[in-house]
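Input: a single structure, listed below in structure tokens.
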Amino acid sequence: MKFILGKKIGMTQVFNEQGKIVPVTLIEAGPCFVIQNRTKEKDNYEAVQIGFEEMKESKTKKPQKGHFKKTNLEKNFRYLR
């Protein structure tokens, strides 16, 4: 599966070859980190957890802090499952 994971910054407009205005979305595709990898052998299903946006440590809950400690990443991230 191929995709781009990013955060919407806003909207703007550009001109195409015919001179017409086309609305476009600006997306900031930042660095993403694999936080956890589930395998069929170990967990009976396949999944990847991806961290994509840094969070302040004060906004990170205690269970999440322990989860991030296992990954050896220095920062806390928002993540997708």
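In the structure tokens, chains take the letters A, B, ... in the order shown, each chain's residues start at 1, and ligands count up from 1 in the order shown.
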Report the closest atom pair, with its distance in Å rounded to one decimal, for each residue of stretch 35-56 of chain A that has an atom no farther than 12 Å from stretch 61-70 of chain A; count only C-alpha atoms, sort by chain and then rising residue number, and write it as JSON lines.
{"residue": "A:Ile35", "atom": "CA", "partner": "A:Phe68", "partner_atom": "CA", "distance": 7.5}
{"residue": "A:Gln36", "atom": "CA", "partner": "A:His67", "partner_atom": "CA", "distance": 9.2}
{"residue": "A:Gln49", "atom": "CA", "partner": "A:His67", "partner_atom": "CA", "distance": 11.4}
{"residue": "A:Ile50", "atom": "CA", "partner": "A:Phe68", "partner_atom": "CA", "distance": 11.6}
{"residue": "A:Gly51", "atom": "CA", "partner": "A:Phe68", "partner_atom": "CA", "distance": 9.8}
{"residue": "A:Glu54", "atom": "CA", "partner": "A:Phe68", "partner_atom": "CA", "distance": 11.8}
{"residue": "A:Met55", "atom": "CA", "partner": "A:Lys61", "partner_atom": "CA", "distance": 10.6}
{"residue": "A:Lys56", "atom": "CA", "partner": "A:Lys61", "partner_atom": "CA", "distance": 10.4}
Residue subset to file, keeping N, CA and C atoms, as a CSV table (one decimal), in the first residue's frame:
chain,number,residue,atom,x,y,z
A,35,ILE,N,5.9,3.1,14.9
A,35,ILE,CA,6.0,3.0,16.4
A,35,ILE,C,5.8,1.5,16.8
A,36,GLN,N,4.9,0.8,16.1
A,36,GLN,CA,4.7,-0.6,16.5
A,36,GLN,C,4.3,-1.4,15.2
A,49,GLN,N,1.5,0.7,13.4
A,49,GLN,CA,1.2,2.0,14.1
A,49,GLN,C,2.2,3.0,13.7
A,50,ILE,N,1.7,4.1,13.2
A,50,ILE,CA,2.6,5.2,12.6
A,50,ILE,C,2.4,6.5,13.4
A,51,GLY,N,3.6,7.0,13.8
A,51,GLY,CA,3.6,8.3,14.5
A,51,GLY,C,3.8,9.4,13.5
A,54,GLU,N,4.5,15.5,16.3
A,54,GLU,CA,5.0,15.6,17.7
A,54,GLU,C,4.0,16.2,18.6
A,55,MET,N,4.0,15.7,19.8
A,55,MET,CA,3.1,16.2,20.9
A,55,MET,C,4.0,16.7,22.0
A,56,LYS,N,3.5,17.7,22.8
A,56,LYS,CA,4.1,18.1,24.0
A,56,LYS,C,4.1,17.0,25.0
Exercise for review: Return as a VMD selection string the full set of residues in chain A whose backbone-based DSSP assignment is strand (DSSP E).
Suggested key: chain A and resid 7 to 15 21 to 28 33 to 38 47 to 55 76 to 80
Practice item. May I have the residues within 12 Å of A:Lys8 as a list in words, using only C-alpha atoms and disregarding those fewer than 3 positions away in the same chain? Key: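 Counting only the stated atoms, we get Ile4, Leu5, Met11, Thr12, Val24, Thr25, Leu26, Ile27, Glu28, Ala29 and Gly30 of chain A.
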Practice item. Would you mind reading off the distance between atom CA of A:Val14 and atom CA of A:Phe52, one decimal, in Å? Key: 27.8 Å
Exercise for review: Determine the nearest neighbour of A:Val34 from the options A:Lys59, A:Phe3, A:Val48, A:Phe15, counting only C-alpha atoms.
Suggested key: A:Val48
Check your understanding: Looking at only C-alpha atoms, which of A:Asp43, A:Pro31, A:Ile21, A:Asn37 is the one that sits closest to A:Lys7?
Key ->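 Counting only C-alpha atoms, the residue closest to A:Lys7 is A:Pro31.
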